[in-house]
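These notes concern the structure reproduced below.
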Amino acid sequence: MENLREKSKTIPGYKNPMQAPRVLKVVVSSGVGSFKDKNKFKVVEDRLARITGQKAAPRGAKISIATFKSRQGDIVGYQVTLRGKRMYDFLDRLVHLALPRTKDFRGISPNAVDEMGNYTLGIKEHNIFPETSDEELKDVFGLAVTIVTTAKSKEEVLAFLAHLGFPFKK
(Lines give C-alpha, C1' and ligand atoms only; values in the text may rest on other atoms or scores of the structure.)
Protein backbone atom coordinates (compact mmCIF):
# COMPACT_ATOMS: atom_id res chain seq x y z
CA MET A 1 0.00 0.00 0.00
CA GLU A 2 1.44 3.31 -1.09
CA ASN A 3 1.32 6.00 1.60
CA LEU A 4 -0.35 9.36 1.04
CA ARG A 5 2.89 11.36 1.02
CA GLU A 6 4.23 9.43 -1.99
CA LYS A 7 0.83 9.40 -3.68
CA SER A 8 0.52 13.20 -3.42
CA LYS A 9 3.75 13.63 -5.43
CA THR A 10 2.54 11.65 -8.46
CA ILE A 11 -0.58 13.40 -9.71
CA PRO A 12 -1.36 12.91 -13.40
CA GLY A 13 -2.36 15.84 -15.63
CA TYR A 14 0.30 18.35 -14.60
CA LYS A 15 3.37 19.10 -16.73
CA ASN A 16 5.38 20.43 -13.81
CA PRO A 17 5.19 18.75 -10.37
CA MET A 18 5.16 22.19 -8.74
CA GLN A 19 1.78 22.92 -10.41
CA ALA A 20 0.08 20.00 -8.70
CA PRO A 21 -1.96 20.74 -5.57
CA ARG A 22 -0.62 19.61 -2.23
CA VAL A 23 -1.82 19.46 1.36
CA LEU A 24 -0.51 22.37 3.44
CA LYS A 25 -1.98 21.46 6.83
CA VAL A 26 -4.76 19.58 8.57
CA VAL A 27 -6.71 21.25 11.38
CA VAL A 28 -8.62 18.99 13.79
CA SER A 29 -11.00 20.83 16.12
CA SER A 30 -13.72 19.99 18.60
CA GLY A 31 -16.05 21.90 20.90
CA VAL A 32 -16.51 20.90 24.53
CA GLY A 33 -20.26 21.40 24.71
CA SER A 34 -21.31 22.10 28.30
CA PHE A 35 -19.25 24.58 30.31
CA LYS A 36 -20.48 23.15 33.63
CA ASP A 37 -18.73 19.79 33.27
CA LYS A 38 -15.04 20.63 33.79
CA ASN A 39 -14.16 16.93 33.45
CA LYS A 40 -15.20 17.03 29.79
CA PHE A 41 -12.48 19.61 29.06
CA LYS A 42 -9.81 17.11 30.10
CA VAL A 43 -11.49 14.27 28.20
CA VAL A 44 -11.66 16.22 24.93
CA GLU A 45 -8.09 17.47 25.26
CA ASP A 46 -6.75 13.99 26.07
CA ARG A 47 -8.61 12.20 23.27
CA LEU A 48 -7.64 14.80 20.64
CA ALA A 49 -4.02 14.38 21.71
CA ARG A 50 -4.33 10.59 21.36
CA ILE A 51 -5.99 10.79 17.95
CA THR A 52 -3.56 13.30 16.43
CA GLY A 53 -0.35 12.55 18.34
CA GLN A 54 0.01 16.20 19.29
CA LYS A 55 -1.17 18.29 22.24
CA ALA A 56 -4.43 20.16 21.66
CA ALA A 57 -4.53 23.93 22.09
CA PRO A 58 -7.52 25.49 23.91
CA ARG A 59 -9.70 27.93 21.98
CA GLY A 60 -11.60 30.73 23.70
CA ALA A 61 -14.99 32.25 22.96
CA LYS A 62 -14.78 35.25 20.65
CA ILE A 63 -17.81 37.02 22.15
CA SER A 64 -19.85 36.81 25.34
CA ILE A 65 -23.29 35.20 25.05
CA ALA A 66 -25.50 35.70 28.10
CA THR A 67 -27.97 32.96 27.12
CA PHE A 68 -25.21 30.33 27.26
CA LYS A 69 -23.54 32.00 30.29
CA SER A 70 -20.27 32.22 28.41
CA ARG A 71 -17.83 35.10 28.61
CA GLN A 72 -15.29 36.25 26.09
CA GLY A 73 -12.15 34.15 26.46
CA ASP A 74 -13.83 31.14 28.13
CA ILE A 75 -12.55 27.86 26.71
CA VAL A 76 -15.15 26.50 24.28
CA GLY A 77 -13.09 23.97 22.34
CA TYR A 78 -9.72 22.52 21.40
CA GLN A 79 -7.79 22.54 18.16
CA VAL A 80 -4.75 20.77 16.72
CA THR A 81 -2.86 21.89 13.59
CA LEU A 82 -0.92 19.10 11.90
CA ARG A 83 1.85 19.56 9.35
CA GLY A 84 4.51 17.36 7.78
CA LYS A 85 4.83 13.69 8.72
CA ARG A 86 2.15 13.80 11.45
CA MET A 87 -0.30 15.29 8.96
CA TYR A 88 0.23 12.50 6.43
CA ASP A 89 0.10 9.82 9.14
CA PHE A 90 -3.20 11.25 10.41
CA LEU A 91 -4.70 11.43 6.89
CA ASP A 92 -3.59 7.85 6.23
CA ARG A 93 -5.32 6.61 9.41
CA LEU A 94 -8.40 8.71 8.61
CA VAL A 95 -8.82 7.31 5.09
CA HIS A 96 -7.84 3.68 5.68
CA LEU A 97 -8.91 2.98 9.27
CA ALA A 98 -11.32 5.54 10.73
CA LEU A 99 -13.73 6.31 7.89
CA PRO A 100 -14.45 2.62 7.09
CA ARG A 101 -15.30 2.11 10.80
CA THR A 102 -18.06 4.74 10.66
CA LYS A 103 -21.61 3.43 11.08
CA ASP A 104 -23.52 3.12 7.79
CA PHE A 105 -20.60 4.61 5.84
CA ARG A 106 -21.41 5.26 2.19
CA GLY A 107 -18.70 7.79 1.37
CA ILE A 108 -17.97 11.40 2.24
CA SER A 109 -19.80 14.34 0.73
CA PRO A 110 -18.19 16.13 -2.22
CA ASN A 111 -20.07 19.33 -1.26
CA ALA A 112 -17.84 20.24 1.70
CA VAL A 113 -15.27 22.20 -0.34
CA ASP A 114 -15.05 25.96 0.21
CA GLU A 115 -14.05 28.54 -2.41
CA MET A 116 -10.44 28.69 -1.16
CA GLY A 117 -9.67 25.03 -1.88
CA ASN A 118 -10.16 23.57 1.61
CA TYR A 119 -12.15 20.46 2.48
CA THR A 120 -13.93 20.21 5.85
CA LEU A 121 -15.12 16.84 7.08
CA GLY A 122 -17.41 16.48 10.09
CA ILE A 123 -17.07 13.34 12.19
CA LYS A 124 -19.94 12.60 14.59
CA GLU A 125 -18.15 10.17 16.89
CA HIS A 126 -14.48 10.39 17.83
CA ASN A 127 -14.32 6.70 18.75
CA ILE A 128 -14.02 5.59 15.11
CA PHE A 129 -10.28 6.13 15.55
CA PRO A 130 -8.50 3.00 16.82
CA GLU A 131 -6.63 4.97 19.52
CA THR A 132 -9.85 5.71 21.41
CA SER A 133 -12.03 2.68 20.69
CA ASP A 134 -11.64 1.12 24.15
CA GLU A 135 -13.03 4.16 26.00
CA GLU A 136 -16.42 4.35 27.69
CA LEU A 137 -19.29 5.48 25.49
CA LYS A 138 -20.70 8.26 27.69
CA ASP A 139 -18.12 10.84 26.60
CA VAL A 140 -18.52 10.64 22.82
CA PHE A 141 -17.95 13.91 20.97
CA GLY A 142 -17.67 15.02 17.36
CA LEU A 143 -14.84 16.74 15.60
CA ALA A 144 -14.13 18.66 12.43
CA VAL A 145 -11.20 17.89 10.15
CA THR A 146 -10.21 20.69 7.75
CA ILE A 147 -7.75 19.79 5.00
CA VAL A 148 -6.06 22.94 3.67
CA THR A 149 -4.73 22.49 0.12
CA THR A 150 -3.11 24.65 -2.56
CA ALA A 151 -5.80 23.74 -5.12
CA LYS A 152 -7.45 26.62 -6.98
CA SER A 153 -10.94 25.24 -7.62
CA LYS A 154 -13.51 22.87 -6.19
CA GLU A 155 -13.02 20.37 -9.02
CA GLU A 156 -9.25 20.39 -8.51
CA VAL A 157 -9.65 19.71 -4.76
CA LEU A 158 -12.05 16.82 -5.36
CA ALA A 159 -9.80 15.28 -8.02
CA PHE A 160 -6.75 15.64 -5.76
CA LEU A 161 -8.44 14.08 -2.71
CA ALA A 162 -9.91 11.28 -4.84
CA HIS A 163 -6.39 10.58 -6.14
CA LEU A 164 -5.21 10.34 -2.52
CA GLY A 165 -7.90 7.72 -1.87
CA PHE A 166 -10.68 9.65 -0.14
CA PRO A 167 -13.96 7.72 -0.58
CA PHE A 168 -16.46 10.18 -2.05
CA LYS A 169 -20.16 9.41 -2.57
CA LYS A 170 -21.06 8.51 -6.11
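FYI, nothing fancy with the C-alpha coordinates labels: chains A, B, ... in order, residues from 1 per chain, ligands from 1 as they appear.
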
In chain A, DSSP strand (DSSP E) residues written as a PyMOL selection string = chain A and resi 23-31+57-60+75-82+118-123+143-149

Wanna dump the range 33-111 of chain A-range 8-23 of chain A contacts at 9 Å for me, each residue with its shortest atom pair and the distance in Å to one decimal, counting only C-alpha atoms, ordered by chain and number, as CSV?
```
residue,atom,partner,partner_atom,distance
A:Arg83,CA,A:Val23,CA,8.8
A:Met87,CA,A:Val23,CA,8.8
A:Tyr88,CA,A:Val23,CA,8.9
```

Polymer residues at most 9 Å from Leu121 in chain A, only C-alpha atoms, same-chain spacing of 3 or more positions, as an MDAnalysis selection string = chainID A and resid 108:109 112 143:147

Best match for closeness to Gly60 in chain A among A:Leu161, A:Leu48, A:Ile75, A:Val148, counting only C-alpha atoms =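 So, comparing all the options, the nearest one is A:Ile75.
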
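Rounded to one decimal, CA of Gly142 in chain A and CA of Leu158 in chain A lie 23.5 Å from each other.
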
inquiry  = My list of candidates is A:Val80, A:Leu97, A:Val140, A:Ala159. Which is closest to Val43 in chain A when distances are computed with only C-alpha atoms?
reply    = A:Val140

inquiry  = Give me, as a ChimeraX atom specification, the residues of chain A that a backbone DSSP run labels helix (DSSP H, G or I).
reply    = /A:4-7,38-52,84-101,126-128,130-132,137-139,154-164

For Ile51 in chain A, the nearest of the candidates A:Val32, A:Ala66, A:Val113, A:Ile128, counting only C-alpha atoms = A:Ile128

query = Between A:Thr81, A:Thr52, A:Thr150, A:Thr120, which one has atoms that come closest to Lys25 in chain A, using only C-alpha atoms?
reply = A:Thr81

key: One-decimal distance in Å that lies between CA of Phe41 in chain A and CA of Ser70 in chain A   =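 Rounded to one decimal, the two atoms are 14.8 Å apart.
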